[in-house]
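S.K.: Take a look at this one; I'll ask things after.
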Amino acid sequence: MKRIALFPGSFDPFTVGHKDIVERTLQSIADEVIIAIGNNCDKKYLQSIEQRIENIRKVFENNSKVKVVAYDGLTVDFAKQVDASFIVRGVRNLKDFEYERDIADVNHRLTGIETVLLYTKPEYACVSSSIVRELMSYHKDVTELLP
């Protein structure tokens with residue numbers, strides 16, 4: 001049976017760690033990854049939904065096992081629509097872990113869908129997408145932080 005992992009709207013093409021998590025998911029626990037970008041995220045990013053999706057597709061343009069889509073509503077409802085085997089979320093630090101663990105517990109109680117929490121490799125742990133976006137807004141060179 002094909003195992004599909006859903007990576008919800010937290011994916012950011014400006015975070016090296018997220019690319020690493022998707023690649024490790026494909027190597028170890030899933031046959032396909034769907035990166036799902038919520039249509040309600042426009043306000044917190046410098047780019048439109050369309051621009052974000054296009055940038056993420058560019059990161060994975062040579063990998064047919066990664067799909068990028070937009071969705072409305074709750075992540076868990078969308079996970080059921082695409083028949084996801086589980087949801088994958090990235091964790092950078094202990095604070096992230098506590099939050100993500102609570103989200104995973106709620107999602108499981110509501111839908112029965114399990115969430116897999118993967119720690120970002122240590123070399124990527126300090127590079128949050130919000131830090132990269134802020135540096136970019138000041139026209140700083142962030143190329144070594146990008147996937």
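Labeling convention for the structure tokens: chains A, B, ... as they appear, residues from 1 per chain, ligands from 1 in order of appearance.
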What residues in range 32-139 of chain A get the DSSP label helix (DSSP H, G or I)? Please answer as a PyMOL selection string.
M.R.: chain A and resi 39-44+49-59+75-81+94-111+122-124+129-137
S.K.: Those same residues - C-alpha atoms - I'd like them written as a PDB file, in the first residue's frame.
M.R.:
ATOM      1  CA  ASN A  39      -5.107  29.327   1.635  1.00  0.00           C
ATOM      2  CA  ASN A  40      -5.453  31.344   4.844  1.00  0.00           C
ATOM      3  CA  CYS A  41      -1.679  31.889   5.291  1.00  0.00           C
ATOM      4  CA  ASP A  42      -1.197  34.882   2.969  1.00  0.00           C
ATOM      5  CA  LYS A  43      -0.975  37.467   5.731  1.00  0.00           C
ATOM      6  CA  LYS A  44       2.048  36.074   7.532  1.00  0.00           C
ATOM      7  CA  ILE A  49      -0.008  31.600  -1.938  1.00  0.00           C
ATOM      8  CA  GLU A  50       0.728  31.204  -5.649  1.00  0.00           C
ATOM      9  CA  GLN A  51       4.282  32.501  -5.238  1.00  0.00           C
ATOM     10  CA  ARG A  52       4.921  30.242  -2.225  1.00  0.00           C
ATOM     11  CA  ILE A  53       3.637  27.179  -4.086  1.00  0.00           C
ATOM     12  CA  GLU A  54       5.757  27.994  -7.127  1.00  0.00           C
ATOM     13  CA  ASN A  55       8.892  28.480  -4.975  1.00  0.00           C
ATOM     14  CA  ILE A  56       8.320  25.193  -3.160  1.00  0.00           C
ATOM     15  CA  ARG A  57       7.780  23.382  -6.477  1.00  0.00           C
ATOM     16  CA  LYS A  58      11.116  24.772  -7.691  1.00  0.00           C
ATOM     17  CA  VAL A  59      12.870  23.281  -4.639  1.00  0.00           C
ATOM     18  CA  THR A  75      -5.127  20.266   7.945  1.00  0.00           C
ATOM     19  CA  VAL A  76      -6.682  17.106   9.369  1.00  0.00           C
ATOM     20  CA  ASP A  77      -9.739  17.388   7.114  1.00  0.00           C
ATOM     21  CA  PHE A  78      -7.468  17.830   4.111  1.00  0.00           C
ATOM     22  CA  ALA A  79      -5.349  14.865   5.249  1.00  0.00           C
ATOM     23  CA  LYS A  80      -8.456  12.672   5.050  1.00  0.00           C
ATOM     24  CA  GLN A  81      -9.370  14.070   1.618  1.00  0.00           C
ATOM     25  CA  LEU A  94      12.124  21.682  22.670  1.00  0.00           C
ATOM     26  CA  LYS A  95       9.679  24.571  22.538  1.00  0.00           C
ATOM     27  CA  ASP A  96       8.593  23.460  19.050  1.00  0.00           C
ATOM     28  CA  PHE A  97       8.312  19.871  20.264  1.00  0.00           C
ATOM     29  CA  GLU A  98       5.880  20.707  23.062  1.00  0.00           C
ATOM     30  CA  TYR A  99       3.635  22.697  20.725  1.00  0.00           C
ATOM     31  CA  GLU A 100       3.768  20.115  17.925  1.00  0.00           C
ATOM     32  CA  ARG A 101       3.114  17.245  20.348  1.00  0.00           C
ATOM     33  CA  ASP A 102      -0.041  19.001  21.561  1.00  0.00           C
ATOM     34  CA  ILE A 103      -1.199  19.623  17.973  1.00  0.00           C
ATOM     35  CA  ALA A 104      -0.508  15.979  17.117  1.00  0.00           C
ATOM     36  CA  ASP A 105      -2.563  14.808  20.091  1.00  0.00           C
ATOM     37  CA  VAL A 106      -5.535  16.994  19.147  1.00  0.00           C
ATOM     38  CA  ASN A 107      -5.348  15.920  15.491  1.00  0.00           C
ATOM     39  CA  HIS A 108      -5.293  12.259  16.491  1.00  0.00           C
ATOM     40  CA  ARG A 109      -8.259  12.653  18.833  1.00  0.00           C
ATOM     41  CA  LEU A 110     -10.286  14.443  16.152  1.00  0.00           C
ATOM     42  CA  THR A 111      -9.478  12.193  13.200  1.00  0.00           C
ATOM     43  CA  PRO A 122      21.306  20.218  14.310  1.00  0.00           C
ATOM     44  CA  GLU A 123      22.966  22.259  11.561  1.00  0.00           C
ATOM     45  CA  TYR A 124      19.514  23.521  10.482  1.00  0.00           C
ATOM     46  CA  SER A 129      11.789  30.748   8.310  1.00  0.00           C
ATOM     47  CA  SER A 130      10.788  33.910  10.170  1.00  0.00           C
ATOM     48  CA  ILE A 131      14.454  34.801  10.730  1.00  0.00           C
ATOM     49  CA  VAL A 132      15.256  34.236   7.050  1.00  0.00           C
ATOM     50  CA  ARG A 133      12.250  36.286   5.914  1.00  0.00           C
ATOM     51  CA  GLU A 134      13.261  39.148   8.201  1.00  0.00           C
ATOM     52  CA  LEU A 135      16.829  39.122   6.892  1.00  0.00           C
ATOM     53  CA  MET A 136      15.486  39.146   3.336  1.00  0.00           C
ATOM     54  CA  SER A 137      13.281  42.139   4.094  1.00  0.00           C
TER      55      SER A 137
END
S.K.: Residues of chain A classed as strand (DSSP E) by DSSP on the backbone are to be reported as an mmCIF file with N, CA and C atoms, in the first residue's frame.
M.R.:
data_model
loop_
_atom_site.group_PDB
_atom_site.id
_atom_site.type_symbol
_atom_site.label_atom_id
_atom_site.label_comp_id
_atom_site.auth_asym_id
_atom_site.auth_seq_id
_atom_site.Cartn_x
_atom_site.Cartn_y
_atom_site.Cartn_z
ATOM 1 N N ILE A 4 1.368 7.784 2.143
ATOM 2 C CA ILE A 4 1.408 9.204 1.804
ATOM 3 C C ILE A 4 1.565 10.027 3.076
ATOM 4 N N ALA A 5 2.559 10.898 3.076
ATOM 5 C CA ALA A 5 2.758 11.794 4.213
ATOM 6 C C ALA A 5 2.293 13.189 3.806
ATOM 7 N N LEU A 6 1.565 13.838 4.688
ATOM 8 C CA LEU A 6 1.119 15.205 4.451
ATOM 9 C C LEU A 6 1.965 16.142 5.297
ATOM 10 N N PHE A 7 2.633 17.083 4.650
ATOM 11 C CA PHE A 7 3.410 18.098 5.356
ATOM 12 C C PHE A 7 2.583 19.371 5.291
ATOM 13 N N GLU A 32 5.316 8.971 -0.885
ATOM 14 C CA GLU A 32 4.983 10.262 -1.492
ATOM 15 C C GLU A 32 4.751 11.279 -0.378
ATOM 16 N N VAL A 33 5.114 12.540 -0.642
ATOM 17 C CA VAL A 33 4.856 13.618 0.307
ATOM 18 C C VAL A 33 4.009 14.678 -0.394
ATOM 19 N N ILE A 34 2.931 15.063 0.257
ATOM 20 C CA ILE A 34 2.119 16.175 -0.219
ATOM 21 C C ILE A 34 2.385 17.351 0.712
ATOM 22 N N ILE A 35 2.917 18.429 0.148
ATOM 23 C CA ILE A 35 3.126 19.648 0.922
ATOM 24 C C ILE A 35 1.869 20.486 0.724
ATOM 25 N N ALA A 36 1.139 20.689 1.795
ATOM 26 C CA ALA A 36 -0.155 21.355 1.724
ATOM 27 C C ALA A 36 -0.059 22.758 2.313
ATOM 28 N N ILE A 37 -0.343 23.740 1.496
ATOM 29 C CA ILE A 37 -0.281 25.134 1.912
ATOM 30 C C ILE A 37 -1.703 25.648 2.102
ATOM 31 N N GLY A 38 -2.019 26.057 3.312
ATOM 32 C CA GLY A 38 -3.355 26.571 3.594
ATOM 33 C C GLY A 38 -3.593 27.914 2.922
ATOM 34 N N VAL A 66 7.084 14.399 -4.671
ATOM 35 C CA VAL A 66 6.653 15.534 -3.855
ATOM 36 C C VAL A 66 5.637 16.345 -4.647
ATOM 37 N N LYS A 67 4.469 16.531 -4.063
ATOM 38 C CA LYS A 67 3.411 17.346 -4.663
ATOM 39 C C LYS A 67 3.162 18.548 -3.761
ATOM 40 N N VAL A 68 2.830 19.682 -4.351
ATOM 41 C CA VAL A 68 2.535 20.896 -3.592
ATOM 42 C C VAL A 68 1.141 21.359 -3.988
ATOM 43 N N VAL A 69 0.280 21.523 -2.985
ATOM 44 C CA VAL A 69 -1.103 21.914 -3.258
ATOM 45 C C VAL A 69 -1.573 22.937 -2.227
ATOM 46 N N ALA A 70 -2.601 23.682 -2.582
ATOM 47 C CA ALA A 70 -3.252 24.595 -1.649
ATOM 48 C C ALA A 70 -4.545 23.939 -1.174
ATOM 49 N N TYR A 71 -4.971 24.291 0.025
ATOM 50 C CA TYR A 71 -6.215 23.727 0.550
ATOM 51 C C TYR A 71 -6.895 24.750 1.440
ATOM 52 N N PHE A 86 -0.313 9.628 7.244
ATOM 53 C CA PHE A 86 0.029 10.363 8.454
ATOM 54 C C PHE A 86 0.433 11.779 8.078
ATOM 55 N N ILE A 87 0.535 12.615 9.102
ATOM 56 C CA ILE A 87 0.977 13.994 8.932
ATOM 57 C C ILE A 87 2.405 14.079 9.460
ATOM 58 N N VAL A 88 3.274 14.767 8.741
ATOM 59 C CA VAL A 88 4.654 14.974 9.182
ATOM 60 C C VAL A 88 4.829 16.437 9.556
ATOM 61 N N ARG A 89 5.441 16.677 10.700
ATOM 62 C CA ARG A 89 5.735 18.053 11.117
ATOM 63 C C ARG A 89 7.186 18.124 11.567
ATOM 64 N N GLY A 90 7.816 19.243 11.276
ATOM 65 C CA GLY A 90 9.209 19.444 11.646
ATOM 66 C C GLY A 90 9.330 20.094 13.007
ATOM 67 N N VAL A 91 10.353 19.685 13.738
ATOM 68 C CA VAL A 91 10.613 20.204 15.082
ATOM 69 C C VAL A 91 12.044 20.722 15.125
ATOM 70 N N THR A 115 0.436 11.726 13.719
ATOM 71 C CA THR A 115 1.398 12.734 13.311
ATOM 72 C C THR A 115 2.793 12.239 13.665
ATOM 73 N N VAL A 116 3.706 12.329 12.710
ATOM 74 C CA VAL A 116 5.105 11.975 12.935
ATOM 75 C C VAL A 116 5.869 13.281 13.106
ATOM 76 N N LEU A 117 6.580 13.404 14.214
ATOM 77 C CA LEU A 117 7.399 14.587 14.482
ATOM 78 C C LEU A 117 8.847 14.240 14.181
ATOM 79 N N LEU A 118 9.452 14.976 13.265
ATOM 80 C CA LEU A 118 10.847 14.743 12.920
ATOM 81 C C LEU A 118 11.679 15.946 13.343
ATOM 82 N N TYR A 119 12.741 15.687 14.077
ATOM 83 C CA TYR A 119 13.647 16.764 14.462
ATOM 84 C C TYR A 119 14.487 17.183 13.267
#
S.K.: Rounded to one decimal in Å, what is the spacing between CA of Ala84 in chain A and CA of Ile113 in chain A?
M.R.: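 That distance, rounded to one decimal, is 8.2 Å.
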